[in-house]
Amino acid sequence: MIRKKRLLIYSISIFTLFSIMGLYFTYFLISPGLKENKEKIFMIKKGASLKKVAADLKREGLIKNQYLFILMAVIKGECANIKAGEYSLNLLMSPIDIFNALISGAVKTYSLTIPEGFTAEQIAYSLEAKALMNKEKFIELVTDKNVAASYNIKGPGLEGYLFPDTYIISKDMEERDLIDGMVRRFRRVFEEEAEKKESTEGQFLSEREIVTLASIVEKETASPEERPLIASVFLNRLKRGMRLESDPTVIYGLKEFDGDLTRKNLLTPNPYNTYIIYGLPPGPIGNPGRESLKAAINPAKTDYLYFVSKNNGTHYFSGTLSEHNRAVYKYQKRRDTIKK
C-alpha cells in the first residue's frame with residue numbers, strides 16, 4: 001500500500017514537472033524576446049549552424065532562451081532548414097514566428113533599378129553604394145571572357161548584355177546570381193525583338209555588332225521615336241565606309257572623363273574612338289534597353305548620314321553634308337562643348 005502511494009506520488013510529481021516544463025516551453029514559443037515594437041535587422045551567413053543562429057538571436061534580444069529555440073527546431077525536424085540571408089525581424093515577434101520566418105527564407109529584399117545605358121562599372125558602383133554586393137567581384141566577373149563564354153557570348157566580357165531593369169536583390173545573393181538574371185533578361189528581350197524583325201537593314205551585322213550599335217544608339221538619344229533613325233544613320237555610314245564619329249564611343253574609351261569632351265580627345269587614338277577608327281568599336285559601350293535593341297534590330301530605312309542636336313532633346317537629320325552644315329549653323333552656333 002505504501003509502495004503504491006509512493007509510486008502515485010512519484011507519477012504525479014513527474015506529471016507535474018513535465019506539465020510545468022510544457023507550459024514553460026509553450027510560453028517560450030509564444031512570448032516575444034522583448035515587449036518592444038522595434039525592428040531588428042538579423043543576418044545569417046551561409047553555413048551558420050543552428051547553435052550559432054540561436055546564440056545570435058539571444059544576444060540580439062529576439063529570444064529569451066537559445067536552448068529552447070534549438071529544442072523547438074529539433075521537435076519540428078527543421079534543424080537544417082534555416083536559410084541564410086538578411087531578415088527584418090521585430091522584438092514583438094514570438095520565437096515560433098521568428099523560426100518560421102527563418103525556415104521560409106523570407107529575407108529582406110532591396111529594389112535596384114539599373115538605368116538604360118549604364119556601363120558595367122556604373123552598375124558595380126550602384127551595387128556598392130547600396131551595400132548590396134562587392135564592386136570589385138562584380139567587375140571581375142563581368143570582365144572575365146570565360147564567364148562571358150559560359151553564356152555563349154563572344155567577347156572579353158558582358159558589357160552590353162547586362163540588361164537594364166529593376167531587380168529585387170537580397171544581401172545573401174551572390175554577384176553571379178544577379179549576373180545570371182541580367183543576362184537571361186537580355187536574352188529574352190533580344191529574342192523577342194528579333195522575332196519581330198521586319199527591316200532588312202543591318203542584316204550584315206552579327207548579334208554582338210547589333211548590341212554594340214544598340215549601345216551607341218542608347219547614348220546618342222533619349223527619344224524612343226528617334227532611335228530607329230539614329231540606327232539608320234550609323235548603318236548608312238557603315239555601308240558607305242564612313243567613320244561613325246560618335247562622341248559617346250570616344251568617351252567610353254577614355255580612362256578618365258571630366259564631362260568636357262575636347263578636340264584633343266577626338267584626335268587621341270583609342271580602340272573606341274570612332275572619329276579615327278572605321279566601323280563599329282570593338283564592343284558595346286554600355287548596356288542598352290529594349291527600345292535601343294529594337295532600333296538596332298529593326299532600324300528605319302532612310303538616306304540620312306548625319307544628325308545634330310536641336311538642344312531640345314531631339315535631333316535634325318540630314319542626307320548631305322551641306323544640309324548638315326546648315327543645321328549645325330542653325331542649332332549649334334556656339335559649340336562650346338568641344339574646345340580647342
# chains A, B, ... in the order shown; residues from 1 in each chain; ligands from 1

$ closest_atom_pairs --of "region 195-221 of chain A" --to "region 143-162 of chain A" --cutoff "8 Å" --atoms "only C-alpha atoms" --output "JSON lines"
{"residue": "A:Arg208", "atom": "CA", "partner": "A:Lys154", "partner_atom": "CA", "distance": 7.5}
{"residue": "A:Val211", "atom": "CA", "partner": "A:Gly160", "partner_atom": "CA", "distance": 6.3}
{"residue": "A:Thr212", "atom": "CA", "partner": "A:Gly160", "partner_atom": "CA", "distance": 7.0}
{"residue": "A:Ser215", "atom": "CA", "partner": "A:Gly160", "partner_atom": "CA", "distance": 6.8}

$ closest_atom_pairs --of "region 52-102 of chain A" --to "region 172-175 of chain A" --cutoff "8 Å" --atoms "only C-alpha atoms" --output "Markdown table"
| residue | atom | partner | partner_atom | distance |
| --- | --- | --- | --- | --- |
| A:Ala84 | CA | A:Asp172 | CA | 6.7 |
| A:Gly85 | CA | A:Asp172 | CA | 4.7 |
| A:Glu86 | CA | A:Asp172 | CA | 6.8 |

$ residues_around --residues "Pro269 (chain A)" --least-positions-apart "5" --cutoff "10 Å" --atoms "only C-alpha atoms" --output "PyMOL selection string"
chain A and resi 250+253-254+264+274-277

$ write_last_selection --atoms "N, CA and C atoms" --output "PDB file, in the first residue's frame"
ATOM      1  N   VAL A 250      33.896  57.748 -78.026  1.00  0.00           N
ATOM      2  CA  VAL A 250      35.173  58.346 -77.611  1.00  0.00           C
ATOM      3  C   VAL A 250      35.247  58.392 -76.090  1.00  0.00           C
ATOM      4  N   GLY A 253      36.009  55.168 -74.335  1.00  0.00           N
ATOM      5  CA  GLY A 253      37.393  54.718 -74.445  1.00  0.00           C
ATOM      6  C   GLY A 253      38.380  55.503 -73.610  1.00  0.00           C
ATOM      7  N   LEU A 254      37.920  56.612 -72.996  1.00  0.00           N
ATOM      8  CA  LEU A 254      38.812  57.414 -72.160  1.00  0.00           C
ATOM      9  C   LEU A 254      38.954  56.792 -70.777  1.00  0.00           C
ATOM     10  N   LYS A 264      41.211  67.528 -78.369  1.00  0.00           N
ATOM     11  CA  LYS A 264      42.328  66.616 -78.137  1.00  0.00           C
ATOM     12  C   LYS A 264      41.818  65.191 -77.948  1.00  0.00           C
ATOM     13  N   THR A 274      35.679  56.507 -82.625  1.00  0.00           N
ATOM     14  CA  THR A 274      35.128  56.340 -83.976  1.00  0.00           C
ATOM     15  C   THR A 274      35.325  57.575 -84.842  1.00  0.00           C
ATOM     16  N   TYR A 275      36.038  58.596 -84.326  1.00  0.00           N
ATOM     17  CA  TYR A 275      36.482  59.693 -85.172  1.00  0.00           C
ATOM     18  C   TYR A 275      37.763  59.293 -85.898  1.00  0.00           C
ATOM     19  N   ILE A 276      38.402  58.214 -85.416  1.00  0.00           N
ATOM     20  CA  ILE A 276      39.662  57.754 -86.007  1.00  0.00           C
ATOM     21  C   ILE A 276      39.505  56.382 -86.661  1.00  0.00           C
ATOM     22  N   ILE A 277      38.869  55.452 -85.931  1.00  0.00           N
ATOM     23  CA  ILE A 277      38.712  54.099 -86.488  1.00  0.00           C
ATOM     24  C   ILE A 277      37.526  54.059 -87.444  1.00  0.00           C
TER      25      ILE A 277
END

$ atom_distance --atom1 "CA of Thr268 (chain A)" --atom2 "CA of Gly286 (chain A)"
20.9 Å

$ residues_around --residues "Ala55 (chain A)" --least-positions-apart "2" --cutoff "12 Å" --atoms "only C-alpha atoms" --output "JSON, numbers by chain"
{"A": [44, 48, 49, 50, 51, 52, 53, 57, 58, 59, 60, 61, 62, 63, 64, 65, 66, 67, 68, 69, 70]}

$ write_last_selection --atoms "C-alpha atoms" --output "PDB file, in the first residue's frame"
ATOM      1  CA  ILE A  44      22.521  34.712 -41.108  1.00  0.00           C
ATOM      2  CA  ALA A  48      25.954  29.171 -39.987  1.00  0.00           C
ATOM      3  CA  SER A  49      24.931  26.404 -37.580  1.00  0.00           C
ATOM      4  CA  LEU A  50      21.626  26.275 -35.696  1.00  0.00           C
ATOM      5  CA  LYS A  51      23.599  26.742 -32.466  1.00  0.00           C
ATOM      6  CA  LYS A  52      25.211  29.914 -33.848  1.00  0.00           C
ATOM      7  CA  VAL A  53      21.868  31.281 -35.081  1.00  0.00           C
ATOM      8  CA  LEU A  57      19.086  35.614 -31.637  1.00  0.00           C
ATOM      9  CA  LYS A  58      19.534  35.521 -27.875  1.00  0.00           C
ATOM     10  CA  ARG A  59      22.296  38.136 -27.991  1.00  0.00           C
ATOM     11  CA  GLU A  60      20.107  40.470 -30.087  1.00  0.00           C
ATOM     12  CA  GLY A  61      17.223  40.140 -27.607  1.00  0.00           C
ATOM     13  CA  LEU A  62      14.960  38.414 -30.129  1.00  0.00           C
ATOM     14  CA  ILE A  63      14.538  35.284 -27.993  1.00  0.00           C
ATOM     15  CA  LYS A  64      14.936  34.599 -24.270  1.00  0.00           C
ATOM     16  CA  ASN A  65      16.384  31.100 -24.366  1.00  0.00           C
ATOM     17  CA  GLN A  66      18.647  29.802 -27.114  1.00  0.00           C
ATOM     18  CA  TYR A  67      18.450  26.168 -25.949  1.00  0.00           C
ATOM     19  CA  LEU A  68      14.655  26.082 -26.101  1.00  0.00           C
ATOM     20  CA  PHE A  69      14.892  27.560 -29.594  1.00  0.00           C
ATOM     21  CA  ILE A  70      17.166  24.675 -30.602  1.00  0.00           C
TER      22      ILE A  70
END

$ select_by_dssp --residues "region 94-187 of chain A" --states "helix (DSSP H, G or I)" --output "count of residues only"
47

$ select_by_dssp --residues "region 156-190 of chain A" --states "strand (DSSP E or B)" --output "list in words"
Thr166, Tyr167, Ile168, Ile169 and Ser170 of chain A
